[in-house]
Structures are given as C-alpha cells and as structure tokens.
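Trainee: Have a look at the structure that comes next, please.
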Amino acid sequence: MTSRQQYTEGFLEEPGYLDYGRVGPLSASVVAETLGHTELLSRARYGTLMELERQDERMRRAVSAVTRFRADQVVFQPDTSTGLMHAMFGLTGGLLVSPADFPSVPYAAVRAAEALHVVTPTWLETDHGGVTPGQVRDQLTPAIAAVAVCLVDSRTGHLADLEGIRQVIGDRLLIVDAIQGFGVIDAPYELADVVVSGGQKWARAGRGTGFLAVSDNGRERLTPVFSGYTGTDADEGTWDEVMAPARGANAFRVSDGDDIAKARLAAAVEDIDAAGIAWIQETITNTVTHVIDLADEFAVPVISSRDERERAGMIVLEPPAEQLTLLSASLHNHGLTATTRLGTVRLSVHVGTTPETLGMLRAALTSYSTAATY
C-alpha cells in the first residue's frame with residue numbers, strides 16, 4: 001500500500017461529511033496513536049514514560065517537515081487561540097489586522113492591547129472578508145510593526161496570498177493563523193514570522209493539538225509574556241531560581257503539555273507529509289471544482305472564489321434568503337453534514353470525500369431545486 005493509499009483509507013467517517021472546516025473526524029492513525037499511548041500511560045510499564053516524553057520532539061520534527069520551519073522553531077500549543085495569544089501579547093507597536101478574521105485573531109489583538117498597552121490594533125478594511133496584498137499595501141502606515149492574517153478565511157474560503165503580502169509589508173512581522181489551511185494547502189509558511197495552527201480541523205488530529213512556529217527574527221522581536229518553568233533553556237529543571245525565557249521558540253511554553261495530544265498531532269502530520277501536501281491540495285482542488293459545478297447545475301449561487309489560486313477546501317453557497325432553510329433541510333434530509341451560518345451554507349471537502357458523498361450532495365441539490373422551483 002502506498003502512502004497516498006494509506007492516507008486515503010485513513011478517513012473513517014461515514015459518507016455525507018462535508019464539514020472539515022468545523023472539525024475533522026479523527027484519522028485512523030490518530031485513533032491508533034490515541035489508543036496505543038493511552039494504554040502505555042494507563043499501564044505505566046517500565047520505560048513507557050520516556051516514550052511519552054519523546055513525543056514532543058517527534059511532533060516538532062513532523063511540523064517542521066510540513067512548514068519548513070526548523071524543529072527548534074516549533075513549540076506545541078493546545079490550540080490556535082493560545083498560540084495567537086502568545087504572539088499578540090508579545091508584540092510591540094501597531095498591528096494591522098482584519099476585524100472580519102476569525103474571532104481568535106482580533107480577540108487576541110484587543111486583549112493584548114487592553115492588558116499591556118504596547119500593541120495597537122489598526123483595523124484593515126477588506127472586500128467581503130478576504131485579505132489581499134493590495135488592501136494591506138494601501139493601509140500600511142509607518143506605525144505598523146506587524147500584520148496578522150488568516151491563511152484561509154473561514155467565512156468566504158478565500159486563500160490569502162502570503163507571498164504577495166510578504167512583498168508589500170517588507171520586514172514587518174507576518175503572523176499567520178493557518179488553521180483553515182494547515183494540512184491541505186502547500187503554503188509558503190517560511191515567509192511568515194509566526195505560524196499558528198490547531199490540528200482539529202483539516203489535519204484530523206483532534207482537539208487539544210496545535211503548534212506555534214516562530215522564525216529567528218520573530219523570536220527576537222516578540223516578548224514571551226506567558227513563559228512558564230518549561231520555557232527556559234535549562235536541561236535539568238529550574239528549581240530554586242526563576243530563569244530567563246528560552247532564546248528559541250521554547251520560550252512560548254507554559255507547561256509540558258499533553259504527550260498523547262502531541263502523539264496525535266505528530267501522527268496526523270506525518271501522514272500528511274508522507275502523502276505529499278501538493279497531492280492533497282490537488283486532490284481537494286479537483287473535488288472543489290466538482291462541487292462548484294454541481295452548484296452551478298442547480299443554480300445555487302457560489303460566493304467563494306472560483307479561482308484555484310484563491311481557494312482551499314471550502315465552497316460557500318448563498319441561496320436567496322427565503323430559500324436558506326430549504327437548502328439546509330435538503331442537505332440534512334440526505335444525510336449531509338455542513339455548516340449553515342450568517343445566511344450561507346459552507347461545504348468543506350477533503351481527500352476522503354467519496355463519490356458516494358458527492359452523489360448524496362447531488363440528490364440534496366435535486367430536492368432543493370425541485371422544491372424551490374415548485
């Protein structure tokens with residue numbers, strides 16, 4: 001069995017699941033890691049604790065391979081929001097950020113500004129949510145020290161152009177919330193100074209998994225405000241004195257973290273790396289195109305981008321307001337799981353989206369179209 005076959009067969013969910021942008025059902029590898037390491041911890045046989053402790057290094061190596069940050073530039077986080085808090089509280093100066101981004105980003109910016117009064121959010125005006133290099137360029141000021149952006153906008157499915165944004169911001173810090181693209185988009189993460197993601201969506205590692213990757217430049221310019229006793233360069237602990245934060249990414253640690261969660265994230269990312277992120281993205285791109293064609297066939301308006309360069313794994317539909325309930329009901333009645341929010345229906349596809357699921361979607365759109373016409 002090839003790595004790609006193994007990756008594809010690792011999707012355990014039943015047909016009809018189109019909601020990876022909300023939560024990714026656990027992969028077969030992650031389930032195996034969970035059961036295996038839980039057994040180790042519950043039995044506590046001689047040597048098993050050392051095996052659990054090795055999961056931190058394993059996780060960092062796996063994330064390094066996919067993001068192209070060095071392993072020592074990666075630190076485990078329990079979720080995206082915690083990683084963003086580390087980054088935002090560590091900033092000094094102006095921060096350009098869209099208020100339309102997923103709430104984790106503006107909340108972290110505002111909380112940091114309110115608490116420390118050293119970072120100042122400047123609200124980026126966007127065109128229906130998606131952040132573009134042109135918008136960033138036009139709204140930069142000399143006071144802006146950093147720019148924060150979501151790799152993929154959770155409401156519109158818009159894929160940010162990290163290369164373009166890096167070109168227009170120069171040497172300002174670039175902070176990327178990658179949660180809606182990590183594991184399925186071959187993004188140039190190495191152009192960012194900070195990349196934060198959780199593993200519970202497209203990576204399918206479950207909640208409680210995440211990471212923060214920080215460049216050498218980013219570490220030099222960010223203050224590790226929340227840096228606990230494990231966030232130092234000490235090898236043998238920090239008893240009897242409070243040491244300075246580590247010189248690297250390890251400074252952004254508060255405690256040891258969940259070793260089983262690290263194992264879950266490591267297994268998920270290892271599978272992604274083995275299958276090939278470019279292949280994963282290509283496969284999803286083809287499925288997104290198919291879903292857009294289905295929506296067009298049944299005259300359901302698509303408001304997410306049709307340009308392959310501006311989209312990831314999400315298709316956003318916006319039926320007439322009076323028909324939104326009808327479309328949601330049709331999807332539900334045909335066993336499809338999707339997200340309905342703010343007048344839109346968001347469908348999220350993955351490598352594991354089967355022809356059977358697409359057939360169920362066709363049947364749901366047929367029912368919707370027939371009822372809407374009638």
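By order of appearance in the structure tokens: chains A, B, ..., then residues from 1 within every chain, and ligands from 1 in the order shown.
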Tell me, which residues of range 47-254 of chain A carry DSSP strand (DSSP E), written as a CSV table (one decimal) with C-alpha atoms, in the first residue's frame?

Mentor:
```csv
chain,number,residue,atom,x,y,z
A,74,VAL,CA,8.3,24.9,16.7
A,75,VAL,CA,6.6,24.6,20.1
A,76,PHE,CA,3.4,22.7,21.0
A,93,GLY,CA,3.8,48.6,18.0
A,94,GLY,CA,1.0,48.8,15.5
A,95,LEU,CA,-0.8,45.6,14.3
A,96,LEU,CA,-2.7,45.6,11.0
A,97,VAL,CA,-5.5,43.0,11.3
A,119,VAL,CA,0.3,46.9,20.9
A,120,THR,CA,-2.2,48.9,18.9
A,121,PRO,CA,-4.6,47.2,16.5
A,122,THR,CA,-5.3,49.0,13.3
A,123,TRP,CA,-8.4,47.6,11.6
A,144,ILE,CA,2.6,49.3,11.7
A,145,ALA,CA,5.1,46.8,13.1
A,146,ALA,CA,3.2,43.6,12.3
A,147,VAL,CA,0.4,42.2,10.0
A,148,ALA,CA,-1.8,39.3,11.1
A,149,VAL,CA,-3.8,37.3,8.6
A,150,CYS,CA,-5.8,34.1,8.3
A,173,LEU,CA,6.3,40.7,11.3
A,174,LEU,CA,3.9,38.5,9.5
A,175,ILE,CA,1.6,36.4,11.8
A,176,VAL,CA,-0.4,33.7,10.1
A,177,ASP,CA,-3.4,31.8,11.6
A,194,VAL,CA,4.8,33.3,13.2
A,195,VAL,CA,2.6,30.4,12.1
A,196,VAL,CA,-0.1,29.1,14.5
A,197,SER,CA,-2.5,26.3,13.9
A,198,GLY,CA,-4.6,23.7,15.7
A,210,GLY,CA,-1.6,22.6,17.9
A,211,PHE,CA,1.6,24.4,17.4
A,212,LEU,CA,3.4,27.8,17.2
A,213,ALA,CA,6.3,28.2,14.7
A,214,VAL,CA,8.4,31.3,15.1
```

Trainee: Quick check for you: according to DSSP on this backbone, which residues of range 102-184 of chain A are classed as alpha helix (DSSP H)? Reply as a list in words.

Mentor: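 Matching residues, listed in order: Ser104, Val105, Pro106, Tyr107, Ala108, Ala109, Val110, Arg111, Ala112, Ala113, Glu114, Ala115, Leu116, Pro133, Gly134, Gln135, Val136, Arg137, Asp138, Gln139, Leu162, Glu163, Gly164, Ile165, Arg166, Gln167, Val168 and Ile169 of chain A.
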
Trainee: With C-alpha atoms retained, export the selected residues as a compact mmCIF listing (two decimals), in the first residue's frame.

Mentor:
```txt
# COMPACT_ATOMS: atom_id res chain seq x y z
CA SER A 104 -9.40 34.30 17.68
CA VAL A 105 -7.28 36.86 15.83
CA PRO A 106 -9.00 40.18 16.71
CA TYR A 107 -9.77 38.98 20.24
CA ALA A 108 -6.10 38.24 20.90
CA ALA A 109 -5.13 41.64 19.48
CA VAL A 110 -7.64 43.56 21.57
CA ARG A 111 -6.95 41.64 24.79
CA ALA A 112 -3.23 42.28 24.38
CA ALA A 113 -3.84 45.98 23.75
CA GLU A 114 -6.13 46.29 26.77
CA ALA A 115 -3.79 44.46 29.12
CA LEU A 116 -0.34 45.71 28.19
CA PRO A 133 -1.80 42.21 -0.74
CA GLY A 134 -3.28 45.34 -2.32
CA GLN A 135 -5.51 46.04 0.65
CA VAL A 136 -2.60 45.55 3.03
CA ARG A 137 -0.31 47.79 0.98
CA ASP A 138 -2.85 50.59 0.78
CA GLN A 139 -3.46 50.63 4.53
CA LEU A 162 1.26 35.05 1.64
CA GLU A 163 3.96 35.76 -0.94
CA GLY A 164 2.21 38.93 -2.07
CA ILE A 165 1.59 40.09 1.49
CA ARG A 166 5.22 39.47 2.43
CA GLN A 167 6.36 41.54 -0.54
CA VAL A 168 4.27 44.57 0.40
CA ILE A 169 4.97 44.57 4.17
```

Trainee: CA of Val66 in chain A to CA of Ala274 in chain A: how many Å, to one decimal?

Mentor: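 Separation between CA of Val66 in chain A and CA of Ala274 in chain A: 9.9 Å.
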
Trainee: Between A:Val23, A:Leu191, A:Val269, A:Leu35, which has the minimum distance to Arg207 in chain A (counting only C-alpha atoms)?

Mentor: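 For Arg207 in chain A, the nearest of the given residues is A:Val23.
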
Trainee: Between CA of His128 in chain A and CA of Thr80 in chain A, what is the distance in Å, rounded to a tenth?

Mentor: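 Computing it gives 23.4 Å between the two atoms.
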
Trainee: Please compute the CA of Ser81 in chain A-CA of Gln55 in chain A distance, one decimal, in Å.

Mentor: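 Distance reported for this atom pair: 21.9 Å.
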
Trainee: Just the residues within 8 Å of range 200-204 of chain A, please, counting only C-alpha atoms, with nothing from its chain fewer than 2 positions along; format it as a PyMOL selection string.

Mentor: chain A and resi 20-27+30+179-184+198+206-209+265+268-269+272+350

Trainee: Let me see the file: selected residues, N, CA and C atoms, as a PDB file, in the first residue's frame.

Mentor:
```pdb
ATOM      1  N   TYR A  20     -15.284  19.699   7.225  1.00  0.00           N
ATOM      2  CA  TYR A  20     -13.919  19.677   7.752  1.00  0.00           C
ATOM      3  C   TYR A  20     -13.460  21.047   8.224  1.00  0.00           C
ATOM      4  N   GLY A  21     -14.104  22.104   7.724  1.00  0.00           N
ATOM      5  CA  GLY A  21     -13.780  23.443   8.190  1.00  0.00           C
ATOM      6  C   GLY A  21     -14.238  23.693   9.620  1.00  0.00           C
ATOM      7  N   ARG A  22     -15.126  22.851  10.113  1.00  0.00           N
ATOM      8  CA  ARG A  22     -15.570  22.946  11.511  1.00  0.00           C
ATOM      9  C   ARG A  22     -14.793  21.981  12.390  1.00  0.00           C
ATOM     10  N   VAL A  23     -14.768  20.715  11.989  1.00  0.00           N
ATOM     11  CA  VAL A  23     -13.983  19.723  12.734  1.00  0.00           C
ATOM     12  C   VAL A  23     -13.672  18.566  11.800  1.00  0.00           C
ATOM     13  N   GLY A  24     -12.433  18.084  11.874  1.00  0.00           N
ATOM     14  CA  GLY A  24     -12.044  16.929  11.081  1.00  0.00           C
ATOM     15  C   GLY A  24     -12.153  15.666  11.909  1.00  0.00           C
ATOM     16  N   PRO A  25     -12.983  14.707  11.506  1.00  0.00           N
ATOM     17  CA  PRO A  25     -13.056  13.438  12.231  1.00  0.00           C
ATOM     18  C   PRO A  25     -11.669  12.786  12.307  1.00  0.00           C
ATOM     19  N   LEU A  26     -11.368  12.150  13.416  1.00  0.00           N
ATOM     20  CA  LEU A  26     -10.040  11.587  13.644  1.00  0.00           C
ATOM     21  C   LEU A  26      -9.661  10.587  12.555  1.00  0.00           C
ATOM     22  N   SER A  27      -8.393  10.655  12.126  1.00  0.00           N
ATOM     23  CA  SER A  27      -7.897   9.701  11.136  1.00  0.00           C
ATOM     24  C   SER A  27      -7.587   8.376  11.818  1.00  0.00           C
ATOM     25  N   VAL A  30      -4.459   8.556  13.909  1.00  0.00           N
ATOM     26  CA  VAL A  30      -4.654   9.284  15.162  1.00  0.00           C
ATOM     27  C   VAL A  30      -5.393   8.418  16.174  1.00  0.00           C
ATOM     28  N   ILE A 179      -5.075  27.698  10.639  1.00  0.00           N
ATOM     29  CA  ILE A 179      -5.938  26.585  10.999  1.00  0.00           C
ATOM     30  C   ILE A 179      -6.812  26.082   9.858  1.00  0.00           C
ATOM     31  N   GLN A 180      -7.314  26.982   8.993  1.00  0.00           N
ATOM     32  CA  GLN A 180      -8.225  26.538   7.932  1.00  0.00           C
ATOM     33  C   GLN A 180      -7.501  26.080   6.669  1.00  0.00           C
ATOM     34  N   GLY A 181      -6.175  26.008   6.730  1.00  0.00           N
ATOM     35  CA  GLY A 181      -5.450  25.516   5.569  1.00  0.00           C
ATOM     36  C   GLY A 181      -4.358  24.528   5.901  1.00  0.00           C
ATOM     37  N   PHE A 182      -3.989  24.456   7.177  1.00  0.00           N
ATOM     38  CA  PHE A 182      -2.877  23.584   7.554  1.00  0.00           C
ATOM     39  C   PHE A 182      -3.235  22.123   7.288  1.00  0.00           C
ATOM     40  N   GLY A 183      -2.387  21.466   6.526  1.00  0.00           N
ATOM     41  CA  GLY A 183      -2.605  20.064   6.193  1.00  0.00           C
ATOM     42  C   GLY A 183      -3.173  19.843   4.819  1.00  0.00           C
ATOM     43  N   VAL A 184      -3.689  20.909   4.184  1.00  0.00           N
ATOM     44  CA  VAL A 184      -4.289  20.751   2.854  1.00  0.00           C
ATOM     45  C   VAL A 184      -3.800  21.794   1.853  1.00  0.00           C
ATOM     46  N   GLY A 198      -4.108  24.838  14.885  1.00  0.00           N
ATOM     47  CA  GLY A 198      -4.585  23.700  15.656  1.00  0.00           C
ATOM     48  C   GLY A 198      -4.670  22.500  14.727  1.00  0.00           C
ATOM     49  N   GLY A 206      -7.664  15.962  16.166  1.00  0.00           N
ATOM     50  CA  GLY A 206      -8.493  16.120  17.348  1.00  0.00           C
ATOM     51  C   GLY A 206      -8.177  17.379  18.129  1.00  0.00           C
ATOM     52  N   ARG A 207      -9.080  17.762  19.012  1.00  0.00           N
ATOM     53  CA  ARG A 207      -8.880  18.958  19.837  1.00  0.00           C
ATOM     54  C   ARG A 207      -7.754  18.737  20.838  1.00  0.00           C
ATOM     55  N   GLY A 208      -7.182  19.874  21.269  1.00  0.00           N
ATOM     56  CA  GLY A 208      -6.062  19.801  22.203  1.00  0.00           C
ATOM     57  C   GLY A 208      -4.726  19.674  21.520  1.00  0.00           C
ATOM     58  N   THR A 209      -4.712  19.787  20.188  1.00  0.00           N
ATOM     59  CA  THR A 209      -3.469  19.680  19.429  1.00  0.00           C
ATOM     60  C   THR A 209      -3.223  20.971  18.665  1.00  0.00           C
ATOM     61  N   LEU A 265      -0.989  14.682  17.107  1.00  0.00           N
ATOM     62  CA  LEU A 265      -0.623  15.679  16.099  1.00  0.00           C
ATOM     63  C   LEU A 265       0.529  15.170  15.237  1.00  0.00           C
ATOM     64  N   ALA A 268      -0.728  12.604  12.685  1.00  0.00           N
ATOM     65  CA  ALA A 268      -1.514  13.230  11.620  1.00  0.00           C
ATOM     66  C   ALA A 268      -0.613  13.944  10.620  1.00  0.00           C
ATOM     67  N   VAL A 269       0.355  14.696  11.129  1.00  0.00           N
ATOM     68  CA  VAL A 269       1.220  15.475  10.240  1.00  0.00           C
ATOM     69  C   VAL A 269       2.193  14.563   9.496  1.00  0.00           C
ATOM     70  N   ILE A 272       0.378  13.390   6.524  1.00  0.00           N
ATOM     71  CA  ILE A 272       0.282  14.460   5.526  1.00  0.00           C
ATOM     72  C   ILE A 272       1.588  14.562   4.746  1.00  0.00           C
ATOM     73  N   HIS A 350     -12.570  17.096   1.411  1.00  0.00           N
ATOM     74  CA  HIS A 350     -11.218  16.627   1.740  1.00  0.00           C
ATOM     75  C   HIS A 350     -10.854  15.488   0.791  1.00  0.00           C
TER      76      HIS A 350
END
```

Trainee: I'd like to know which of A:Ile303, A:Phe69, A:Asp101, A:Thr337 is closest to Tyr189 in chain A, using only C-alpha atoms.

Mentor: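 Closest residue, counting only C-alpha atoms: A:Phe69.
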
Trainee: Pick out the residues sitting within 12 Å of range 234-248 of chain A, and hand them over as number ranges by chain; count only C-alpha atoms, and ignore anything fewer than 3 positions along from it in its own chain.

Mentor: A: 70-75, 212-231, 251-256

Trainee: Write out as a ChimeraX atom specification each polymer residue whose atoms come within 9 Å of Thr339 in chain A, counting only C-alpha atoms; drop sequence neighbours fewer than 5 positions from it.

Mentor: /A:18-19,21-22,328,344-348

Trainee: Please produce a file of the residues just selected, as a CSV table (one decimal), in the first residue's frame, where the atoms kept are N, CA and C atoms.

Mentor:
```
chain,number,residue,atom,x,y,z
A,18,LEU,N,-19.3,16.8,5.1
A,18,LEU,CA,-18.8,17.9,4.3
A,18,LEU,C,-18.5,19.1,5.3
A,19,ASP,N,-17.9,18.9,6.4
A,19,ASP,CA,-17.7,19.9,7.4
A,19,ASP,C,-16.3,19.9,8.0
A,21,GLY,N,-14.1,22.1,7.7
A,21,GLY,CA,-13.8,23.4,8.2
A,21,GLY,C,-14.2,23.7,9.6
A,22,ARG,N,-15.1,22.9,10.1
A,22,ARG,CA,-15.6,22.9,11.5
A,22,ARG,C,-14.8,22.0,12.4
A,328,SER,N,-30.8,24.0,3.6
A,328,SER,CA,-30.3,23.4,4.8
A,328,SER,C,-31.0,22.1,5.1
A,344,THR,N,-25.4,31.8,4.9
A,344,THR,CA,-24.7,31.0,3.9
A,344,THR,C,-24.6,29.5,4.3
A,345,VAL,N,-24.3,28.6,3.4
A,345,VAL,CA,-24.0,27.2,3.6
A,345,VAL,C,-22.6,27.0,3.2
A,346,ARG,N,-21.8,26.5,4.1
A,346,ARG,CA,-20.4,26.2,3.8
A,346,ARG,C,-20.2,24.7,3.7
A,347,LEU,N,-19.7,24.2,2.6
A,347,LEU,CA,-19.3,22.9,2.4
A,347,LEU,C,-17.8,22.7,2.4
A,348,SER,N,-17.3,21.8,3.1
A,348,SER,CA,-15.8,21.6,3.2
A,348,SER,C,-15.5,20.2,2.7
```

Trainee: Of the residues A:Ala28, A:Leu91, A:Leu327, A:Met85, which is the one nearest to Pro103 in chain A, using only C-alpha atoms?

Mentor: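 Checking each candidate against Pro103 in chain A, we get A:Met85 as the closest.
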
Trainee: Which residues, written as a list in words, have at least one atom at most 8 Å from His37 in chain A, with only C-alpha atoms counted and residues fewer than 5 positions away on the same chain left out?

Mentor: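 Result of the neighbour search: Leu52, Ile260 and Ala263 of chain A.
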
Trainee: Excluding same-chain residues fewer than 2 positions from Ile277 in chain A, what lies within 6 Å of it counting only C-alpha atoms, as a PDB file with C-alpha atoms, in the first residue's frame?

Mentor:
```
ATOM      1  CA  ASP A 186       1.064  23.885   0.301  1.00  0.00           C
ATOM      2  CA  TRP A 279      -1.007  15.945  -3.924  1.00  0.00           C
ATOM      3  CA  ILE A 280      -3.500  16.547  -1.115  1.00  0.00           C
TER       4      ILE A 280
END
```

Trainee: Identify which of the residues A:Ala371, A:Val300, A:Ile284, A:Ala187 lies closest to Ala160 in chain A, counting only C-alpha atoms when measuring atom-to-atom distances.

Mentor: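 Nearest candidate to Ala160 in chain A out of A:Ala371, A:Val300, A:Ile284, A:Ala187: A:Ala187.
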
Trainee: Between A:Glu14, A:Glu322, A:Gly199, A:Thr67, which residue has the minimum interatomic distance to Ala267 in chain A, considering only C-alpha atoms?

Mentor: A:Gly199

Trainee: Could you tell me which of A:Glu33, A:Leu365, A:Leu159, A:Arg264 comes closest to Asp307 in chain A if we count only C-alpha atoms?

Mentor: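 Using only C-alpha atoms, Asp307 in chain A sits closest to A:Leu159.
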